[in-house]
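Asker: Hey, dropping start.cif in here, mmCIF, C-alpha atoms and all ligand atoms:
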data_coords
#
loop_
_atom_site.label_atom_id
_atom_site.label_comp_id
_atom_site.auth_asym_id
_atom_site.auth_seq_id
_atom_site.Cartn_x
_atom_site.Cartn_y
_atom_site.Cartn_z
CA MET A 5 34.85 234.04 102.03
CA SER A 6 36.26 233.89 98.57
CA GLN A 7 39.14 231.64 97.66
CA THR A 8 41.98 233.68 96.31
CA GLN A 9 45.23 231.91 95.64
CA ALA A 10 45.72 228.15 96.06
CA LEU A 11 48.19 227.15 98.75
CA TRP A 12 51.53 225.88 97.34
CA TRP A 13 50.96 222.32 98.51
CA ALA A 14 47.54 222.29 96.99
CA SER A 15 48.65 223.49 93.59
CA GLU A 16 48.51 221.26 90.56
CA SER A 17 52.13 221.92 89.54
CA PHE A 18 53.45 220.82 92.95
CA TRP A 19 51.70 217.47 92.68
CA ARG A 20 52.77 217.03 89.07
CA LYS A 21 56.41 217.52 90.04
CA THR A 22 56.02 215.25 93.06
CA ALA A 23 54.56 212.49 90.88
CA ILE A 24 57.46 212.76 88.44
CA TRP A 25 60.09 212.67 91.19
CA VAL A 26 58.48 209.74 93.02
CA THR A 27 58.21 207.75 89.77
CA ALA A 28 61.80 208.50 88.80
CA GLY A 29 63.05 207.69 92.32
CA SER A 30 61.18 204.37 92.46
CA PHE A 31 62.56 203.47 89.06
CA VAL A 32 66.12 203.95 90.28
CA VAL A 33 65.41 201.94 93.45
CA LEU A 34 63.87 199.12 91.38
CA ILE A 35 66.89 198.94 89.10
CA PHE A 36 69.16 198.75 92.13
CA LEU A 37 66.98 196.03 93.73
CA THR A 38 66.94 194.03 90.49
CA PHE A 39 70.74 193.90 90.35
CA ASP A 40 70.93 193.16 94.05
CA THR A 41 68.41 190.31 93.74
CA VAL A 42 70.17 188.73 90.77
CA LYS A 43 73.35 188.74 92.82
CA GLN A 44 71.61 186.93 95.69
CA ILE A 45 69.81 184.27 93.65
CA THR A 46 72.74 183.17 91.52
CA ALA A 47 74.01 179.63 92.15
CA GLY A 48 77.34 179.64 93.94
CA THR A 49 76.53 182.50 96.28
CA LYS A 50 75.91 182.63 100.02
CA ARG A 51 72.26 181.58 100.00
CA VAL A 52 72.21 179.50 96.82
CA PRO A 53 74.93 176.82 96.71
CA ALA A 54 76.69 175.90 93.50
CA TYR A 55 75.06 172.91 91.77
CA ALA A 56 77.86 170.41 92.33
CA ASN A 57 78.36 171.55 95.91
CA ALA A 58 74.74 170.72 96.70
CA LEU A 59 74.48 167.48 94.70
CA ASN A 60 77.76 166.01 95.94
CA HIS A 61 77.06 166.60 99.63
CA ARG A 62 74.47 165.82 102.24
CA ILE A 63 72.12 168.70 102.92
CA ASP A 64 71.89 169.30 106.65
CA TYR A 65 69.39 171.51 108.36
CA VAL A 66 70.41 173.23 111.54
CA PHE A 67 68.63 175.64 113.80
CA ASP A 68 70.04 179.14 113.60
CA GLU A 69 69.53 180.73 117.03
CA LYS A 70 69.95 184.24 115.77
CA ARG A 71 67.56 183.99 112.85
CA ASN A 72 65.27 181.64 114.78
CA PHE A 73 64.64 179.09 112.06
CA GLN A 74 66.26 176.13 110.34
CA VAL A 75 68.88 176.89 107.74
CA PRO A 76 70.45 174.55 105.20
CA VAL A 77 74.11 173.71 105.61
CA ILE A 78 76.24 171.74 103.18
CA GLY A 79 77.19 168.56 105.05
CA PRO A 80 79.79 165.86 104.42
CA GLU A 81 80.27 164.31 101.01
CA GLU A 82 77.27 162.24 99.91
CA PRO A 83 76.98 162.29 96.10
CA LEU A 84 73.56 161.96 94.53
CA PHE A 85 73.05 158.45 93.11
CA GLY A 86 76.56 157.70 94.39
CA LYS A 87 78.25 159.61 91.59
CA LYS A 88 80.32 162.72 92.11
CA LEU A 89 79.55 165.36 89.51
CA THR A 90 81.50 168.26 88.10
CA GLU A 91 79.88 171.69 88.25
CA ALA A 92 78.98 171.50 84.54
CA GLU A 93 77.41 168.03 84.90
CA ALA A 94 75.53 169.09 88.00
CA GLU A 95 74.22 172.24 86.37
CA ALA A 96 73.05 170.27 83.32
CA LEU A 97 71.25 167.76 85.54
CA VAL A 98 69.55 170.38 87.72
CA SER A 99 68.51 172.33 84.67
CA HIS A 100 67.05 169.18 83.05
CA GLY A 101 65.10 168.63 86.26
CA LYS A 102 63.89 172.21 86.33
CA LEU A 103 62.76 171.98 82.70
CA THR A 104 60.90 168.77 83.58
CA THR A 105 59.04 170.50 86.39
CA GLN A 106 58.10 173.26 83.96
CA ALA A 107 57.11 170.91 81.12
CA LYS A 108 54.92 168.84 83.47
CA ASN A 109 53.57 171.92 85.21
CA CYS A 110 54.27 170.73 88.76
CA MET A 111 53.37 174.25 89.92
CA GLY A 112 49.80 173.61 88.91
CA CYS A 113 49.52 171.60 92.14
CA HIS A 114 52.74 172.22 94.09
CA THR A 115 54.70 175.23 95.30
CA LEU A 116 58.37 175.69 94.44
CA LEU A 117 60.26 178.49 96.16
CA GLY A 118 57.05 180.34 96.90
CA ASN A 119 55.56 180.03 93.41
CA GLY A 120 52.70 177.72 92.58
CA SER A 121 49.69 176.17 94.23
CA TYR A 122 48.84 174.54 97.51
CA TYR A 123 46.80 171.63 96.22
CA ALA A 124 49.77 169.32 96.89
CA PRO A 125 52.74 169.48 99.31
CA ASP A 126 55.28 172.27 99.02
CA LEU A 127 58.24 170.91 97.04
CA THR A 128 60.86 173.44 98.12
CA LYS A 129 62.22 171.10 100.80
CA ALA A 130 60.67 167.83 99.55
CA TRP A 131 64.14 166.31 99.33
CA LEU A 132 64.34 166.44 103.14
CA ASP A 133 60.91 164.98 103.72
CA PRO A 134 61.26 162.21 106.36
CA SER A 135 58.62 160.13 104.61
CA TRP A 136 61.14 159.04 101.93
CA GLY A 137 62.62 156.65 104.47
CA SER A 138 66.30 156.04 105.12
CA LYS A 139 68.82 158.20 103.36
CA GLU A 140 70.07 155.17 101.42
CA ALA A 141 66.60 154.47 100.07
CA ARG A 142 65.52 158.05 99.53
CA GLU A 143 66.95 158.71 96.08
CA GLN A 144 65.43 155.58 94.55
CA SER A 145 62.12 156.06 96.42
CA MET A 146 61.84 159.51 94.92
CA VAL A 147 62.56 158.27 91.40
CA ASP A 148 60.04 155.44 91.84
CA PHE A 149 57.44 157.82 93.23
CA LEU A 150 57.86 160.35 90.41
CA MET A 151 57.51 157.63 87.78
CA ASN A 152 54.56 155.93 89.49
CA PRO A 153 52.98 158.35 91.97
CA GLN A 154 49.60 156.65 91.69
CA LEU A 155 51.02 153.66 93.59
CA ALA A 156 51.84 155.75 96.68
CA ALA A 157 49.54 156.09 99.62
CA HIS A 158 47.54 159.26 99.24
CA ASN A 159 48.04 162.06 101.69
CA ALA A 160 45.79 163.06 104.58
CA LEU A 161 43.49 165.02 102.32
CA GLY A 162 42.97 161.96 100.16
CA ARG A 163 44.78 163.52 97.21
CA LYS A 164 46.92 161.45 94.91
CA MET A 165 49.41 162.61 92.37
CA PRO A 166 48.56 161.55 88.83
CA ASN A 167 51.01 159.61 86.69
CA LEU A 168 52.66 162.28 84.54
CA LYS A 169 54.56 159.80 82.36
CA ILE A 170 57.91 160.96 83.67
CA THR A 171 60.82 158.97 82.22
CA GLU A 172 63.58 157.60 84.43
CA SER A 173 66.12 160.18 83.26
CA GLU A 174 63.59 162.98 83.87
CA ALA A 175 62.84 161.55 87.31
CA ARG A 176 66.54 161.41 88.24
CA ALA A 177 67.06 164.95 87.01
CA THR A 178 64.00 166.11 88.96
CA VAL A 179 65.41 164.50 92.11
CA ALA A 180 68.65 166.42 91.49
CA PHE A 181 66.66 169.63 91.09
CA LEU A 182 64.78 168.91 94.33
CA LYS A 183 68.01 168.17 96.20
CA TRP A 184 69.61 171.37 94.98
CA MET A 185 66.49 173.38 95.78
CA SER A 186 66.46 172.05 99.36
CA SER A 187 69.94 173.48 99.88
CA ILE A 188 68.77 177.04 99.21
CA ASP A 189 68.50 179.33 102.21
CA THR A 190 64.89 180.43 101.88
CA ASN A 191 64.71 182.47 105.08
CA GLY A 192 62.92 179.65 106.88
CA PHE A 193 60.25 178.95 104.26
CA PRO A 194 58.16 176.89 104.14
CA THR A 195 57.62 177.42 107.84
CA ASN A 196 55.91 174.14 108.76
CA PHE A 197 58.59 171.98 107.18
CA LYS A 198 60.22 169.24 109.27
CA PRO A 199 63.51 167.99 107.87
CA ILE A 200 64.71 164.42 107.75
CA ASP A 201 66.15 163.19 111.04
CA GLN A 202 69.93 163.17 110.68
CA ALA A 203 70.63 163.02 114.40
CA ASP A 204 73.46 160.58 113.76
CA ALA A 205 75.18 163.28 111.77
CA PRO A 206 78.35 164.86 113.14
CA ALA A 207 77.83 168.49 114.08
CA PRO A 208 78.27 170.61 110.99
CA ALA A 209 80.83 173.39 111.01
CA ALA A 210 78.13 176.03 111.16
CA PRO A 211 77.87 178.82 113.71
CA VAL A 212 75.09 177.19 115.68
CA ALA A 213 74.73 176.43 119.35
CA GLU A 214 73.77 172.78 118.98
CA PRO A 215 73.32 170.29 116.17
CA VAL A 216 69.58 170.28 116.02
CA ALA A 217 67.73 167.51 114.30
CA PRO A 218 64.09 167.95 115.21
CA ALA A 219 62.16 164.75 115.68
CA ALA A 220 60.68 163.71 112.39
CA GLU A 221 57.28 163.04 113.87
CA ALA A 222 54.56 163.38 111.36
CA GLY A 223 55.77 162.79 107.85
CA VAL A 224 54.63 165.10 105.12
CA GLY A 225 53.58 164.42 101.60
CA ILE A 226 53.25 160.76 100.91
CA SER A 227 52.35 159.99 104.51
CA PRO A 228 49.50 161.76 106.32
CA ALA A 229 50.35 165.36 107.16
CA PRO A 230 47.61 167.92 106.85
CA ALA A 231 50.02 170.63 107.96
CA GLN A 232 51.72 170.65 104.55
CA GLN A 233 48.57 171.50 102.70
C1 LIG B 1 47.57 167.26 89.44
C2 LIG B 1 48.33 167.72 90.59
C3 LIG B 1 49.81 167.38 90.65
C4 LIG B 1 50.78 167.65 89.71
C5 LIG B 1 50.64 168.32 88.36
C6 LIG B 1 52.03 167.21 90.32
N1 LIG B 1 51.80 166.67 91.56
FE1 LIG B 1 53.22 165.97 92.83
N2 LIG B 1 51.79 165.53 94.19
C7 LIG B 1 50.42 165.77 94.02
C8 LIG B 1 49.72 165.29 95.20
C9 LIG B 1 48.23 165.36 95.40
C10 LIG B 1 50.72 164.78 96.06
C11 LIG B 1 50.50 164.12 97.43
C12 LIG B 1 50.44 162.67 97.09
C13 LIG B 1 50.58 161.72 98.21
O1 LIG B 1 50.72 162.15 99.36
O2 LIG B 1 50.54 160.52 97.90
C14 LIG B 1 52.00 164.96 95.41
C15 LIG B 1 53.21 164.58 95.96
C16 LIG B 1 54.45 164.85 95.40
C17 LIG B 1 55.72 164.60 96.02
C18 LIG B 1 55.93 164.07 97.41
C19 LIG B 1 56.09 165.27 98.30
C20 LIG B 1 56.62 164.93 99.63
O3 LIG B 1 57.21 165.82 100.26
O4 LIG B 1 56.45 163.82 100.09
C21 LIG B 1 56.69 164.99 95.14
C22 LIG B 1 58.20 164.95 95.34
C23 LIG B 1 56.01 165.48 93.97
N3 LIG B 1 54.65 165.36 94.15
C24 LIG B 1 56.66 165.96 92.87
C25 LIG B 1 56.01 166.42 91.73
C26 LIG B 1 56.72 166.87 90.57
C27 LIG B 1 58.22 166.93 90.44
C28 LIG B 1 55.76 167.23 89.67
C29 LIG B 1 55.96 167.72 88.24
C30 LIG B 1 56.82 166.87 87.44
C31 LIG B 1 54.45 167.03 90.29
N4 LIG B 1 54.66 166.52 91.54
C32 LIG B 1 53.25 167.31 89.68
C33 LIG B 1 49.82 166.36 92.94
C34 LIG B 1 50.46 166.77 91.79
#
Let me see whether you can do it: turn the structure in this file into structure tokens.
Ligand code: HEC

Answerer:
Amino acid sequence: MSQTQALWWASESFWRKTAIWVTAGSFVVLIFLTFDTVKQITAGTKRVPAYANALNHRIDYVFDEKRNFQVPVIGPEEPLFGKKLTEAEAEALVSHGKLTTQAKNCMGCHTLLGNGSYYAPDLTKAWLDPSWGSKEAREQSMVDFLMNPQLAAHNALGRKMPNLKITESEARATVAFLKWMSSIDTNGFPTNFKPIDQADAPAPAAPVAEPVAPAAEAGVGISPAPAQQ
């Protein structure tokens, strides 16, 4: 039983050609996906609201029956810190906040849009955390917390956030960044997130069956909530 000629699919040249074609094909697909992704993650597109649009309005969360999770919807006008911003001002503020989160390495403990750690609560939707209290108090509570986190009650795991020496202007910018981030349609992530109760809100003009505002039972983050960890 001597082996004569190799079968075509077992030959070295066939697999060499296949490897080249698969690599070249994947490369083309990756380039296409890169351009497609950039289009979808740019501010001012369907899933990522423009900076001023997010900062100047209330961020509502409504249940999307078809997709089966909560999606952010831009609500009525409700400017951050009571001041309406232009797109350029809003972008500058959000970008200052983003730079602050990078300079202070918030991702070392937290997760932002899927990147980071799970030592501390996910920050993607932290703006809508019911534990900030009433919507009037929320903005200032967040600034106060960021500047003096050691004064807050620790979470259910007994973890406290250290004082990172954040200045007031950095804290305000970070709050703007967090508000804008909460308006991003993240396909339902993080999944265990419970938004602030805005049941008093008029039904948003979104294609949903009912204005859902799930009961803000257990708070997350600064009040006990092991689920966020
Ligand atoms: C050394 C780890 C660590 C770092 C770094 C850190 N945090 Fe925290 N953070 C925590 C912990 C722990 C908590 C939970 C504290 C609590 O419940 O009192 C927390 C809570 C928070 C909360 C409240 C979350 C919520 O939904 O209630 C916010 C907002 C927050 N951090 C923002 C930031 C920002 C912004 C930065 C970067 C500028 C940052 N943190 C850096 C550990 C950290």

Asker: Counting only C-alpha atoms and all ligand atoms, what are the residues, protein, DNA or RNA alike, that approach ligand LIG 1 (chain B) to within 8 Å? I want them as a count of residues only.

Answerer: 50

Asker: Of the candidates A:His61, A:Lys169, A:Lys70, A:Lys50, which one gets nearest to Lys183 (chain A) if we count all atoms listed in the file?

Answerer: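 Smallest distance to Lys183 (chain A) is found for A:His61.
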
Asker: Have a look at CA of Ala92 (chain A) and CA of Ile63 (chain A) and let me know their distance in Å, one decimal.

Answerer: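 Straight-line distance from CA of Ala92 (chain A) to CA of Ile63 (chain A) works out to 19.8 Å.
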
Asker: Could you check the closest approach to Ala47 (chain A) for each of A:Glu140, A:Trp19, A:Leu34, A:Glu95 and tell me which residue wins, using all atoms listed in the file?

Answerer: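 Going through A:Glu140, A:Trp19, A:Leu34, A:Glu95 one by one, the smallest distance to Ala47 (chain A) is for A:Glu95.
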
Asker: What does the distance from CA of Glu81 (chain A) to CA of Val42 (chain A) come to in Å, to one decimal?

Answerer: 28.3 Å

Asker: Please indicate the distance in Å from CA of Lys88 (chain A) to CA of Asn152 (chain A), rounded to one decimal place.

Answerer: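 Between CA of Lys88 (chain A) and CA of Asn152 (chain A) the gap is 26.8 Å.
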
Asker: Check the smallest atom-to-atom distance from each of A:Tyr122, A:Gln74, A:Ile45, A:Asn167 to Leu155 (chain A) using all atoms listed in the file, then report the winner.

Answerer: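 Using all atoms listed in the file, Leu155 (chain A) sits closest to A:Asn167.
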
Asker: Nearest residue to Val52 (chain A) out of A:Ser187, A:Phe18, A:Phe197, A:Gly192, using only C-alpha atoms?

Answerer: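 Counting only C-alpha atoms, the residue closest to Val52 (chain A) is A:Ser187.
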
Asker: Using only C-alpha atoms, which of A:Gln144, A:Thr22, A:Leu11, A:Ile78 sits nearest Pro53 (chain A)?

Answerer: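 Between A:Gln144, A:Thr22, A:Leu11, A:Ile78, the residue approaching Pro53 (chain A) most closely is A:Ile78.
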
Asker: When you count only C-alpha atoms, which of these residues is closest to Arg51 (chain A): A:Ala23, A:Ala14, A:Val77, A:Glu143?

Answerer: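 Checking each candidate against Arg51 (chain A), we get A:Val77 as the closest.
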
Asker: Would you mind listing what lies within 10 Å of Ser99 (chain A) as a ChimeraX atom specification, with only C-alpha atoms counted and same-chain residues fewer than 2 positions away left out?

Answerer: /A:55,93-97,101-105,177-178,180-181

Asker: Please define a box with edges along x, y and z of the file around all atoms of region 122-135 of chain A given in the file, extend it by 6 Å on each side, and return its centre and edge lengths in Å to one decimal, as lines of an AutoDock Vina configuration file.

Answerer:
center_x = 55.6
center_y = 167.3
center_z = 101.3
size_x = 29.5
size_y = 26.4
size_z = 22.1
